[in-house]
Every structure is written in structure tokens, then in C-alpha cells.
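Undergrad: Structure file upload09.json (JSON, C-alpha atoms) is given on the next line.
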[["chain", "number", "residue", "atom", "x", "y", "z"],
["A", 1, "MET", "CA", 0.00, 0.00, 0.00],
["A", 2, "ALA", "CA", 2.97, 2.30, 0.52],
["A", 3, "SER", "CA", 3.59, 2.49, -3.24],
["A", 4, "ALA", "CA", -0.08, 3.22, -3.94],
["A", 5, "LEU", "CA", -0.05, 6.00, -1.32],
["A", 6, "ALA", "CA", 3.10, 7.49, -2.85],
["A", 7, "ALA", "CA", 1.41, 7.49, -6.27],
["A", 8, "ALA", "CA", -1.65, 9.18, -4.73],
["A", 9, "ARG", "CA", 0.55, 11.93, -3.26],
["A", 10, "GLU", "CA", 2.14, 12.49, -6.68],
["A", 11, "ALA", "CA", -1.30, 12.68, -8.30],
["A", 12, "ALA", "CA", -2.33, 15.40, -5.84],
["A", 13, "LEU", "CA", 0.74, 17.44, -6.76],
["A", 14, "GLU", "CA", -0.40, 17.29, -10.40],
["A", 15, "GLY", "CA", -3.92, 18.43, -9.50],
["A", 16, "GLU", "CA", -5.46, 14.97, -9.86],
["A", 17, "VAL", "CA", -7.69, 13.46, -7.18],
["A", 18, "PRO", "CA", -5.14, 11.64, -4.98],
["A", 19, "VAL", "CA", -5.79, 7.98, -5.67],
["A", 20, "GLY", "CA", -2.97, 5.55, -6.32],
["A", 21, "ALA", "CA", -2.81, 1.85, -7.09],
["A", 22, "ALA", "CA", -0.28, -0.96, -7.32],
["A", 23, "ILE", "CA", -0.42, -4.51, -8.62],
["A", 24, "THR", "CA", 1.72, -7.22, -7.08],
["A", 25, "LEU", "CA", 2.59, -10.70, -8.25],
["A", 26, "GLU", "CA", 4.08, -13.11, -5.73],
["A", 27, "GLY", "CA", 4.73, -10.18, -3.39],
["A", 28, "GLN", "CA", 6.65, -8.16, -6.01],
["A", 29, "ILE", "CA", 5.35, -4.89, -7.43],
["A", 30, "VAL", "CA", 4.51, -5.26, -11.12],
["A", 31, "ALA", "CA", 3.01, -1.81, -11.76],
["A", 32, "VAL", "CA", 2.11, 1.40, -9.95],
["A", 33, "ALA", "CA", -0.21, 4.12, -11.24],
["A", 34, "ALA", "CA", -2.18, 7.14, -10.13],
["A", 35, "ASN", "CA", -5.36, 8.87, -11.17],
["A", 36, "ALA", "CA", -4.85, 10.69, -14.47],
["A", 37, "PRO", "CA", -8.24, 11.69, -15.96],
["A", 38, "ARG", "CA", -7.35, 15.38, -16.17],
["A", 39, "ARG", "CA", -3.80, 14.90, -17.40],
["A", 40, "LEU", "CA", -4.83, 12.37, -20.05],
["A", 41, "HIS", "CA", -8.22, 13.95, -20.84],
["A", 42, "ASP", "CA", -9.71, 10.51, -20.26],
["A", 43, "PRO", "CA", -12.55, 9.93, -17.79],
["A", 44, "THR", "CA", -11.59, 6.24, -17.56],
["A", 45, "ALA", "CA", -8.02, 6.95, -16.42],
["A", 46, "HIS", "CA", -8.66, 6.05, -12.78],
["A", 47, "ALA", "CA", -5.67, 4.65, -10.89],
["A", 48, "GLU", "CA", -7.10, 1.12, -10.99],
["A", 49, "MET", "CA", -7.65, 1.23, -14.75],
["A", 50, "GLN", "CA", -4.18, 2.63, -15.33],
["A", 51, "VAL", "CA", -2.44, 0.00, -13.17],
["A", 52, "ILE", "CA", -4.45, -2.91, -14.62],
["A", 53, "ARG", "CA", -3.54, -1.78, -18.15],
["A", 54, "ALA", "CA", 0.14, -1.42, -17.21],
["A", 55, "ALA", "CA", 0.33, -4.81, -15.49],
["A", 56, "ALA", "CA", -1.47, -6.57, -18.36],
["A", 57, "ARG", "CA", 0.98, -5.04, -20.86],
["A", 58, "LEU", "CA", 4.03, -5.89, -18.75],
["A", 59, "LEU", "CA", 2.88, -9.46, -18.14],
["A", 60, "ALA", "CA", 1.61, -9.80, -21.75],
["A", 61, "ARG", "CA", -1.76, -11.23, -20.73],
["A", 62, "ASP", "CA", -5.30, -10.08, -20.13],
["A", 63, "ARG", "CA", -6.00, -12.15, -17.03],
["A", 64, "LEU", "CA", -4.25, -11.27, -13.81],
["A", 65, "GLU", "CA", -5.65, -14.12, -11.72],
["A", 66, "ASP", "CA", -2.48, -14.50, -9.65],
["A", 67, "CYS", "CA", -2.13, -10.76, -9.00],
["A", 68, "ASP", "CA", -3.25, -8.56, -6.13],
["A", 69, "LEU", "CA", -4.47, -4.97, -6.49],
["A", 70, "TRP", "CA", -3.74, -2.36, -3.84],
["A", 71, "VAL", "CA", -5.66, 0.92, -4.17],
["A", 72, "THR", "CA", -6.01, 3.86, -1.80],
["A", 73, "LEU", "CA", -9.76, 4.35, -2.33],
["A", 74, "GLU", "CA", -12.67, 1.93, -2.63],
["A", 75, "PRO", "CA", -13.14, 1.26, -6.37],
["A", 76, "CYS", "CA", -16.05, 2.72, -8.31],
["A", 77, "ALA", "CA", -18.36, 0.56, -10.45],
["A", 78, "MET", "CA", -16.23, 1.02, -13.57],
["A", 79, "CYS", "CA", -13.07, -0.07, -11.78],
["A", 80, "ALA", "CA", -14.82, -2.94, -10.01],
["A", 81, "GLY", "CA", -15.93, -4.19, -13.42],
["A", 82, "ALA", "CA", -12.36, -4.01, -14.71],
["A", 83, "ILE", "CA", -11.11, -5.85, -11.61],
["A", 84, "ALA", "CA", -13.61, -8.64, -12.28],
["A", 85, "HIS", "CA", -12.72, -8.84, -15.99],
["A", 86, "ALA", "CA", -9.00, -8.93, -15.19],
["A", 87, "ARG", "CA", -9.70, -11.70, -12.66],
["A", 88, "ILE", "CA", -7.67, -9.97, -9.96],
["A", 89, "ARG", "CA", -7.09, -12.45, -7.11],
["A", 90, "ARG", "CA", -7.23, -10.04, -4.14],
["A", 91, "LEU", "CA", -8.31, -6.44, -3.75],
["A", 92, "TYR", "CA", -6.88, -4.37, -0.90],
["A", 93, "TYR", "CA", -8.22, -0.84, -0.55],
["A", 94, "GLY", "CA", -7.69, 2.03, 1.86],
["A", 95, "ALA", "CA", -10.45, 4.56, 2.40],
["A", 96, "SER", "CA", -14.11, 3.66, 1.94],
["A", 97, "ASP", "CA", -16.08, 5.80, -0.51],
["A", 98, "PRO", "CA", -19.73, 6.21, 0.55],
["A", 99, "LYS", "CA", -20.47, 8.47, -2.46],
["A", 100, "GLY", "CA", -18.76, 6.69, -5.34],
["A", 101, "GLY", "CA", -17.62, 3.32, -4.06],
["A", 102, "ALA", "CA", -19.03, 0.12, -5.53],
["A", 103, "VAL", "CA", -17.53, -2.56, -3.28],
["A", 104, "GLU", "CA", -18.62, -1.77, 0.26],
["A", 105, "TYR", "CA", -21.06, 0.98, -0.79],
["A", 106, "GLY", "CA", -23.31, 1.67, -3.75],
["A", 107, "PRO", "CA", -24.04, -1.31, -5.98],
["A", 108, "ARG", "CA", -21.71, -3.66, -4.09],
["A", 109, "PHE", "CA", -20.54, -4.92, -7.44],
["A", 110, "PHE", "CA", -18.89, -8.16, -6.33],
["A", 111, "SER", "CA", -22.07, -9.26, -4.51],
["A", 112, "GLN", "CA", -24.21, -9.08, -7.64],
["A", 113, "PRO", "CA", -25.25, -12.38, -9.25],
["A", 114, "THR", "CA", -24.13, -11.03, -12.64],
["A", 115, "CYS", "CA", -20.54, -10.58, -11.44],
["A", 116, "HIS", "CA", -18.54, -13.40, -13.00],
["A", 117, "HIS", "CA", -15.42, -13.08, -10.82],
["A", 118, "ARG", "CA", -15.14, -12.01, -7.18],
["A", 119, "PRO", "CA", -11.74, -11.18, -5.75],
["A", 120, "ASP", "CA", -11.04, -11.61, -2.07],
["A", 121, "VAL", "CA", -11.62, -8.11, -0.67],
["A", 122, "TYR", "CA", -9.83, -6.44, 2.24],
["A", 123, "GLY", "CA", -10.80, -2.86, 3.08],
["A", 124, "GLY", "CA", -9.33, -0.32, 5.45],
["A", 125, "ILE", "CA", -5.66, -0.92, 4.61],
["A", 126, "GLY", "CA", -3.98, 2.48, 5.07],
["A", 127, "ALA", "CA", -7.41, 4.06, 5.35],
["A", 128, "ARG", "CA", -6.37, 6.91, 7.62],
["A", 129, "GLU", "CA", -3.54, 8.17, 5.40],
["A", 130, "ALA", "CA", -5.59, 7.68, 2.23],
["A", 131, "GLY", "CA", -8.54, 9.52, 3.76],
["A", 132, "ASP", "CA", -6.33, 12.35, 4.98],
["A", 133, "LEU", "CA", -4.88, 12.80, 1.48],
["A", 134, "LEU", "CA", -8.35, 13.06, -0.01],
["A", 135, "ARG", "CA", -9.70, 15.39, 2.70],
["A", 136, "ASP", "CA", -6.67, 17.71, 2.43],
["A", 137, "PHE", "CA", -6.89, 17.75, -1.36],
["A", 138, "PHE", "CA", -10.57, 18.74, -1.43],
["A", 139, "ALA", "CA", -10.27, 21.16, 1.51],
["A", 140, "ALA", "CA", -7.59, 23.08, -0.39],
["A", 141, "ARG", "CA", -9.99, 23.48, -3.33],
["A", 142, "ARG", "CA", -12.93, 24.85, -1.34]]
Would you kindly transcribe this structure into C-alpha cells?
TA:
Amino acid sequence: MASALAAAREAALEGEVPVGAAITLEGQIVAVAANAPRRLHDPTAHAEMQVIRAAARLLARDRLEDCDLWVTLEPCAMCAGAIAHARIRRLYYGASDPKGGAVEYGPRFFSQPTCHHRPDVYGGIGAREAGDLLRDFFAARR
């Protein structure tokens, strides 16, 4: 989670919402990414989407069934769908997202009968630091 938090801090410095993500394989970091919708002019460039794309390219495969995803914020519905399609083994996330989350909140994507793959989910990892980053970022913009 430390690498995901570092990526989130870098995103904040670039004016992006501070969310970072990392993918590991056998305990080794494969890819790290941060939110980049504004920089890339791409509404799908969430940290999870960016890191899944990077890991899939690096590993030269579309299924990441032996990989774990670490992200600083509870994934939204779009990212949860990508996690399922990539067959991510485990999802670790930091701060919960009552407004936009889709794992613990909202549609609870992985609990739906139409979800074809459900990763093991562990929330609250680094939640305090992740939450502080987000609160500070938005407080500075108000």
C-alpha cells in the first residue's frame, strides 16, 4: 500500500484526485499508477484502470488471476468491473467511498449475481492516510 499511497501523493501534486494503485505478483510490485483523468483527458483513467492496463501489458496477458491490487480508495463501479474482468485475485483498498464506491457501498458490485469473478476483498488498509490525502486535497480546493 505504501507504493499506492506514494502514487496518490504524486497525483495530488499534479492536481489529480489523490488515488494511487499498485499490482503485485508473488509479493513483487509489477506496476504502480495514479489517477490521471485530467492529465490524459480521459474519464476512464482512474488509478485502478491505469495500473491494470500497465500490469497486463508488462505481463503480456489479459487475465491477472495471480495478481493482487492495492488501491487507496474503494473502487467505483467502472473499476470494479475491470477488476472482475481482469480476474484480480485479491483487492486491498484504503479509504471507503460512501459516495462513489461500488464494493462496500453503492451497488456492491462483487455481490451481484451477474458478477462473473469475485476477488477476495480487504478494506481499510492504510485508510487513515488515504482519507487524509483526499480530505486535504478537497479542503484546499474549497
Undergrad: One decimal, in Å: what's the spacing between CA of Arg61 in chain A and CA of Leu25 in chain A?
TA: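 One can read the CA of Arg61 in chain A to CA of Leu25 in chain A distance as 13.2 Å.
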Undergrad: Quick one: residues within 6 Å of Ala22 in chain A, only C-alpha atoms counted, chain neighbours fewer than 2 positions away excluded, as number ranges by chain?
TA: A: 4, 31-32, 69-70
Undergrad: Pick from A:Glu14, A:Asp97, A:Asp120, A:Asp68: nearest to Pro37 in chain A, with all atoms listed in the file counted?
TA: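 Comparing A:Glu14, A:Asp97, A:Asp120, A:Asp68 against Pro37 in chain A, the winner is A:Glu14.
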Undergrad: Applying 12 Å and all atoms listed in the file, which residues near Gly81 in chain A remain after dropping the ones on its own chain fewer than 5 positions away? List them as a PDB file with C-alpha atoms, in the coordinates of the input.
TA:
ATOM      1  CA  GLU A  48      -7.100   1.120 -10.990  1.00  0.00           C
ATOM      2  CA  MET A  49      -7.650   1.230 -14.750  1.00  0.00           C
ATOM      3  CA  ILE A  52      -4.450  -2.910 -14.620  1.00  0.00           C
ATOM      4  CA  PRO A  75     -13.140   1.260  -6.370  1.00  0.00           C
ATOM      5  CA  CYS A  76     -16.050   2.720  -8.310  1.00  0.00           C
ATOM      6  CA  ALA A  86      -9.000  -8.930 -15.190  1.00  0.00           C
ATOM      7  CA  ARG A  87      -9.700 -11.700 -12.660  1.00  0.00           C
ATOM      8  CA  ILE A  88      -7.670  -9.970  -9.960  1.00  0.00           C
ATOM      9  CA  ALA A 102     -19.030   0.120  -5.530  1.00  0.00           C
ATOM     10  CA  VAL A 103     -17.530  -2.560  -3.280  1.00  0.00           C
ATOM     11  CA  PRO A 107     -24.040  -1.310  -5.980  1.00  0.00           C
ATOM     12  CA  ARG A 108     -21.710  -3.660  -4.090  1.00  0.00           C
ATOM     13  CA  PHE A 109     -20.540  -4.920  -7.440  1.00  0.00           C
ATOM     14  CA  PHE A 110     -18.890  -8.160  -6.330  1.00  0.00           C
ATOM     15  CA  SER A 111     -22.070  -9.260  -4.510  1.00  0.00           C
ATOM     16  CA  GLN A 112     -24.210  -9.080  -7.640  1.00  0.00           C
ATOM     17  CA  THR A 114     -24.130 -11.030 -12.640  1.00  0.00           C
ATOM     18  CA  CYS A 115     -20.540 -10.580 -11.440  1.00  0.00           C
ATOM     19  CA  HIS A 116     -18.540 -13.400 -13.000  1.00  0.00           C
ATOM     20  CA  HIS A 117     -15.420 -13.080 -10.820  1.00  0.00           C
ATOM     21  CA  ARG A 118     -15.140 -12.010  -7.180  1.00  0.00           C
ATOM     22  CA  PRO A 119     -11.740 -11.180  -5.750  1.00  0.00           C
TER      23      PRO A 119
END
Undergrad: Counting all atoms listed in the file, figure out which residue out of A:Val19, A:Met1, A:Leu91, A:Ala45 gets nearest to Asp66 in chain A.
TA: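 Closest to Asp66 in chain A, using all atoms listed in the file: A:Leu91.
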Undergrad: Between A:Leu59, A:Ala127, A:Leu64, A:Leu13, which is the closest to Ser96 in chain A once you count all atoms listed in the file?
TA: A:Ala127
Undergrad: Where's the centre, and what are the edge lengths in Å to one decimal, of a box along x, y and z enclosing all listed atoms of range 53-59 of chain A padded 3 Å per side, as lines of an AutoDock Vina configuration file?
TA:
center_x = 0.2
center_y = -5.4
center_z = -18.2
size_x = 13.6
size_y = 14.0
size_z = 11.4
Undergrad: Measuring between only C-alpha atoms, which one of A:Ile125, A:Cys79, A:Ala56, A:Ala2 shows the shortest distance to Asn35 in chain A?
TA: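 Of the candidates, the smallest distance to Asn35 in chain A is held by A:Cys79.
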Undergrad: Can you work out the spacing between CA of Arg135 in chain A and CA of Ala12 in chain A in Å, to one decimal?
TA: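 Pair CA of Arg135 in chain A / CA of Ala12 in chain A returns 11.3 Å.
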Undergrad: Identify which of the residues A:Ile83, A:Val30, A:Ala77, A:Thr72 lies closest to Glu129 in chain A, counting all atoms listed in the file when measuring atom-to-atom distances.
TA: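 Of A:Ile83, A:Val30, A:Ala77, A:Thr72, the one nearest Glu129 in chain A, counting all atoms listed in the file, is A:Thr72.
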Undergrad: Find the residue from A:Ala82, A:Ala47, A:Tyr92, A:Ala34 that sits nearest to Glu10 in chain A; use only C-alpha atoms when measuring.
TA: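 Ranking A:Ala82, A:Ala47, A:Tyr92, A:Ala34 by distance to Glu10 in chain A, first place goes to A:Ala34.
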Undergrad: Please, could N, CA, C and O atoms be added to range 34-49 of chain A and the result written as a PDB file, in the coordinates of the input?
TA:
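Below is the file that was written, rebuild_5.pdb:
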ATOM      1  N   ALA A  34      -1.362   6.171 -10.858  1.00  0.00           N
ATOM      2  CA  ALA A  34      -2.180   7.140 -10.130  1.00  0.00           C
ATOM      3  C   ALA A  34      -3.314   7.619 -11.017  1.00  0.00           C
ATOM      4  O   ALA A  34      -3.286   7.425 -12.239  1.00  0.00           O
ATOM      5  N   ASN A  35      -4.282   8.252 -10.404  1.00  0.00           N
ATOM      6  CA  ASN A  35      -5.360   8.870 -11.170  1.00  0.00           C
ATOM      7  C   ASN A  35      -4.777   9.813 -12.211  1.00  0.00           C
ATOM      8  O   ASN A  35      -3.829  10.554 -11.910  1.00  0.00           O
ATOM      9  N   ALA A  36      -5.344   9.799 -13.413  1.00  0.00           N
ATOM     10  CA  ALA A  36      -4.850  10.690 -14.470  1.00  0.00           C
ATOM     11  C   ALA A  36      -5.936  11.168 -15.424  1.00  0.00           C
ATOM     12  O   ALA A  36      -5.630  11.507 -16.568  1.00  0.00           O
ATOM     13  N   PRO A  37      -7.206  11.236 -15.024  1.00  0.00           N
ATOM     14  CA  PRO A  37      -8.240  11.690 -15.960  1.00  0.00           C
ATOM     15  C   PRO A  37      -8.008  13.092 -16.522  1.00  0.00           C
ATOM     16  O   PRO A  37      -8.216  13.325 -17.719  1.00  0.00           O
ATOM     17  N   ARG A  38      -7.558  14.005 -15.697  1.00  0.00           N
ATOM     18  CA  ARG A  38      -7.350  15.380 -16.170  1.00  0.00           C
ATOM     19  C   ARG A  38      -6.128  15.469 -17.071  1.00  0.00           C
ATOM     20  O   ARG A  38      -6.163  16.079 -18.129  1.00  0.00           O
ATOM     21  N   ARG A  39      -5.048  14.852 -16.633  1.00  0.00           N
ATOM     22  CA  ARG A  39      -3.800  14.900 -17.400  1.00  0.00           C
ATOM     23  C   ARG A  39      -3.963  14.243 -18.769  1.00  0.00           C
ATOM     24  O   ARG A  39      -3.483  14.757 -19.773  1.00  0.00           O
ATOM     25  N   LEU A  40      -4.676  13.125 -18.806  1.00  0.00           N
ATOM     26  CA  LEU A  40      -4.830  12.370 -20.050  1.00  0.00           C
ATOM     27  C   LEU A  40      -6.106  12.727 -20.822  1.00  0.00           C
ATOM     28  O   LEU A  40      -6.330  12.189 -21.901  1.00  0.00           O
ATOM     29  N   HIS A  41      -6.928  13.607 -20.236  1.00  0.00           N
ATOM     30  CA  HIS A  41      -8.220  13.950 -20.840  1.00  0.00           C
ATOM     31  C   HIS A  41      -9.013  12.677 -21.135  1.00  0.00           C
ATOM     32  O   HIS A  41      -9.523  12.464 -22.235  1.00  0.00           O
ATOM     33  N   ASP A  42      -9.093  11.828 -20.117  1.00  0.00           N
ATOM     34  CA  ASP A  42      -9.710  10.510 -20.260  1.00  0.00           C
ATOM     35  C   ASP A  42     -10.468  10.179 -18.971  1.00  0.00           C
ATOM     36  O   ASP A  42      -9.849   9.904 -17.942  1.00  0.00           O
ATOM     37  N   PRO A  43     -11.788  10.198 -19.004  1.00  0.00           N
ATOM     38  CA  PRO A  43     -12.550   9.930 -17.790  1.00  0.00           C
ATOM     39  C   PRO A  43     -12.375   8.505 -17.247  1.00  0.00           C
ATOM     40  O   PRO A  43     -12.730   8.239 -16.112  1.00  0.00           O
ATOM     41  N   THR A  44     -11.821   7.608 -18.038  1.00  0.00           N
ATOM     42  CA  THR A  44     -11.590   6.240 -17.560  1.00  0.00           C
ATOM     43  C   THR A  44     -10.203   6.048 -16.969  1.00  0.00           C
ATOM     44  O   THR A  44      -9.862   4.932 -16.563  1.00  0.00           O
ATOM     45  N   ALA A  45      -9.407   7.077 -16.889  1.00  0.00           N
ATOM     46  CA  ALA A  45      -8.020   6.950 -16.420  1.00  0.00           C
ATOM     47  C   ALA A  45      -7.900   6.965 -14.899  1.00  0.00           C
ATOM     48  O   ALA A  45      -7.035   7.624 -14.333  1.00  0.00           O
ATOM     49  N   HIS A  46      -8.764   6.210 -14.234  1.00  0.00           N
ATOM     50  CA  HIS A  46      -8.660   6.050 -12.780  1.00  0.00           C
ATOM     51  C   HIS A  46      -7.404   5.238 -12.484  1.00  0.00           C
ATOM     52  O   HIS A  46      -6.914   4.484 -13.334  1.00  0.00           O
ATOM     53  N   ALA A  47      -6.902   5.351 -11.273  1.00  0.00           N
ATOM     54  CA  ALA A  47      -5.670   4.650 -10.890  1.00  0.00           C
ATOM     55  C   ALA A  47      -5.778   3.145 -11.135  1.00  0.00           C
ATOM     56  O   ALA A  47      -4.834   2.526 -11.643  1.00  0.00           O
ATOM     57  N   GLU A  48      -6.922   2.561 -10.798  1.00  0.00           N
ATOM     58  CA  GLU A  48      -7.100   1.120 -10.990  1.00  0.00           C
ATOM     59  C   GLU A  48      -7.011   0.735 -12.454  1.00  0.00           C
ATOM     60  O   GLU A  48      -6.377  -0.264 -12.815  1.00  0.00           O
ATOM     61  N   MET A  49      -7.666   1.506 -13.310  1.00  0.00           N
ATOM     62  CA  MET A  49      -7.650   1.230 -14.750  1.00  0.00           C
ATOM     63  C   MET A  49      -6.237   1.354 -15.299  1.00  0.00           C
ATOM     64  O   MET A  49      -5.783   0.509 -16.077  1.00  0.00           O
TER      65      MET A  49
END
